[in-house]
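Okay, input_33.cif now, which holds mmCIF, C-alpha atoms:
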```
data_start
#
loop_
_atom_site.label_atom_id
_atom_site.label_comp_id
_atom_site.auth_asym_id
_atom_site.auth_seq_id
_atom_site.Cartn_x
_atom_site.Cartn_y
_atom_site.Cartn_z
CA MET A 1 -29.12 -24.20 92.19
CA LYS A 2 -30.07 -27.12 94.37
CA SER A 3 -28.37 -27.27 97.76
CA LYS A 4 -27.01 -30.77 97.09
CA ASP A 5 -24.81 -29.41 94.28
CA ILE A 6 -21.34 -28.48 95.39
CA GLY A 7 -19.18 -25.78 93.89
CA LEU A 8 -16.33 -26.56 91.56
CA ARG A 9 -13.80 -25.12 94.01
CA ARG A 10 -14.88 -27.69 96.59
CA VAL A 11 -14.80 -30.46 93.99
CA LEU A 12 -11.30 -29.44 92.87
CA ALA A 13 -10.13 -29.20 96.48
CA ALA A 14 -11.47 -32.63 97.41
CA ASN A 15 -10.10 -34.31 94.29
CA LEU A 16 -6.69 -32.68 94.61
CA LYS A 17 -6.38 -33.75 98.23
CA LYS A 18 -7.66 -37.28 97.50
CA HIS A 19 -5.20 -37.86 94.64
CA ARG A 20 -2.32 -36.23 96.52
CA LYS A 21 -2.88 -38.43 99.56
CA ALA A 22 -3.27 -41.55 97.40
CA LEU A 23 0.29 -40.92 96.21
CA HIS A 24 1.42 -40.14 99.78
CA PHE A 25 2.52 -36.65 98.74
CA SER A 26 2.64 -33.75 101.16
CA GLN A 27 1.48 -30.39 99.86
CA GLU A 28 5.14 -29.42 99.66
CA LYS A 29 6.07 -32.50 97.61
CA LEU A 30 3.19 -31.97 95.17
CA ALA A 31 4.11 -28.30 94.85
CA GLU A 32 7.71 -29.23 94.04
CA ILE A 33 6.70 -31.75 91.37
CA ALA A 34 4.08 -29.42 89.84
CA ASP A 35 6.46 -26.44 90.00
CA LEU A 36 4.06 -24.48 92.23
CA SER A 37 4.30 -23.08 95.73
CA TRP A 38 2.95 -25.06 98.67
CA GLN A 39 0.83 -22.00 99.48
CA THR A 40 -0.89 -22.41 96.12
CA ILE A 41 -1.63 -26.07 96.85
CA ASN A 42 -2.94 -25.12 100.28
CA SER A 43 -5.14 -22.35 98.89
CA ILE A 44 -6.65 -24.71 96.33
CA GLU A 45 -7.27 -27.47 98.88
CA CYS A 46 -8.92 -24.96 101.22
CA HIS A 47 -11.03 -23.78 98.24
CA ARG A 48 -9.85 -20.20 98.62
CA THR A 49 -8.60 -19.88 95.08
CA TRP A 50 -9.30 -21.08 91.57
CA VAL A 51 -6.67 -22.26 89.08
CA SER A 52 -5.61 -21.39 85.57
CA ASP A 53 -5.64 -24.04 82.87
CA LYS A 54 -1.84 -24.19 83.09
CA THR A 55 -1.95 -24.85 86.84
CA LEU A 56 -4.65 -27.48 86.39
CA GLU A 57 -2.51 -29.27 83.80
CA SER A 58 0.58 -29.05 86.04
CA LEU A 59 -1.33 -30.57 88.95
CA ALA A 60 -2.81 -33.34 86.81
CA SER A 61 0.59 -34.15 85.33
CA ALA A 62 2.20 -34.29 88.78
CA LEU A 63 -0.60 -36.59 89.99
CA LYS A 64 -0.40 -38.70 86.80
CA ILE A 65 -4.10 -38.25 85.99
CA GLU A 66 -6.13 -36.44 83.35
CA ALA A 67 -7.01 -32.82 84.18
CA PHE A 68 -10.76 -33.43 83.93
CA GLN A 69 -10.49 -35.91 86.82
CA LEU A 70 -9.77 -33.00 89.16
CA LEU A 71 -13.05 -31.32 88.20
CA VAL A 72 -15.53 -34.17 88.36
CA PRO A 73 -17.24 -34.84 91.69
CA ALA A 74 -17.08 -38.35 93.04
CA SER A 75 -20.26 -40.33 92.74
CA PRO A 76 -22.37 -40.05 95.91
CA ALA A 77 -22.24 -43.85 96.17
CA MET A 78 -18.46 -43.72 96.52
CA ASP A 79 -16.76 -43.17 99.83
CA THR A 80 -14.61 -40.15 98.99
CA ASP A 81 -12.22 -40.84 101.89
CA THR A 82 -11.21 -44.27 100.58
CA TYR A 83 -12.00 -44.13 96.87
CA THR A 84 -8.81 -43.74 94.85
CA GLN A 85 -9.79 -44.96 91.38
CA PRO A 86 -10.57 -42.13 88.95
CA LEU A 87 -13.89 -42.01 87.16
CA SER A 88 -14.00 -43.36 83.63
CA ALA A 89 -14.31 -40.80 80.84
CA TYR A 90 -17.94 -41.86 80.34
CA GLU A 91 -18.75 -41.41 84.05
CA ALA A 92 -16.96 -38.06 84.08
CA VAL A 93 -18.89 -36.71 81.09
CA LYS A 94 -22.15 -37.96 82.58
CA GLU A 95 -21.41 -36.19 85.88
CA LEU A 96 -20.32 -32.97 84.15
CA LEU A 97 -23.57 -32.95 82.17
CA ARG A 98 -25.55 -33.42 85.39
CA ILE A 99 -23.77 -30.42 86.91
CA LYS A 100 -24.31 -28.34 83.76
CA TRP A 101 -28.03 -29.13 83.75
CA ALA A 102 -28.27 -28.12 87.41
CA TYR A 103 -26.55 -24.81 86.64
CA ASP A 104 -28.75 -24.25 83.59
CA GLU A 105 -31.85 -24.94 85.68
CA SER A 106 -30.68 -22.46 88.31
CA PHE A 107 -29.90 -19.82 85.70
CA ASN A 108 -33.35 -20.22 84.16
CA GLU A 109 -34.94 -19.85 87.61
CA ILE A 110 -33.04 -16.58 88.14
CA VAL A 111 -34.12 -15.28 84.73
CA ASN A 112 -37.74 -16.16 85.49
CA LEU A 113 -37.57 -14.40 88.87
CA THR A 114 -36.03 -11.34 87.22
CA GLU A 115 -38.75 -11.27 84.58
CA LYS A 116 -41.46 -11.56 87.27
CA ALA A 117 -39.86 -8.70 89.24
CA LYS A 118 -39.96 -6.46 86.15
CA ALA A 119 -43.68 -7.13 85.62
#
```
Would you write out, as structure tokens, the structure that this file holds?
Amino acid sequence: MKSKDIGLRRVLAANLKKHRKALHFSQEKLAEIADLSWQTINSIECHRTWVSDKTLESLASALKIEAFQLLVPASPAMDTDTYTQPLSAYEAVKELLRIKWAYDESFNEIVNLTEKAKA
């Protein structure tokens, strides 16, 4: 994978924090609304843990956004500290495809290296 690609945990953490702060929610307030513990919110924002689909939906519902918006990286042209508008569905799909292609490319490189090592 290329070094410019960031992991989904980091993307989720950044988006969660961005949307939470846009609503002026503390971690505790978001946890209360999403029916989670503040430790869970903290662990996600510090990219120490991943989430289940149920948790992702609870967070999105509490933030009044679609769940996919928590998983799509902000465009590099956007200032992630001040940008609060979610990506359109078209932009989100386009970005997810870009990430998938980067992962596919990396996977193919690993397979090729493995095949060369066997030879």
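Of note, CA of Ser43 in chain A and CA of Ala62 in chain A are spaced 17.3 Å apart.
Interatomic distance, CA of Cys46 in chain A against CA of Gln27 in chain A: 11.8 Å.
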If we count all atoms listed in the file and set the cut-off at 10 Å, which residues sit around Asp35 in chain A, ignoring sequence neighbours fewer than 5 positions away in its own chain? Please answer as an NGL selection string. :A and (29-30 or 55 or 58-59 or 62)
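Coordinates place CA of Leu8 in chain A at a distance of 11.5 Å from CA of Arg48 in chain A.
Minimum atom-to-atom distances from A:Val72, A:Thr49, A:His24, A:Ile65 to Lys100 in chain A were compared using all atoms listed in the file, and the lowest value belongs to A:Val72.
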Range 39-42 of chain A, all listed atoms, 3 Å padding on each side: what axis-aligned box centre and edge lengths in Å to one decimal come out, as lines of an AutoDock Vina configuration file?
```
center_x = -1.1
center_y = -24.0
center_z = 98.2
size_x = 9.8
size_y = 10.1
size_z = 10.2
```
Written as a ChimeraX atom specification, what is the full residue list that the PyMOL selection byres ((chain A and resi 14) around 12) yields on the file shown? /A:6-13,15-21,41-42,44-47,69-74,80-81,83-84
Anything within 12 Å of (-17.5, -36.7, 82.2): list those residues as a PyMOL selection string, counting all atoms listed in the file and sticking to the file's coordinates. chain A and resi 66-75+86-100
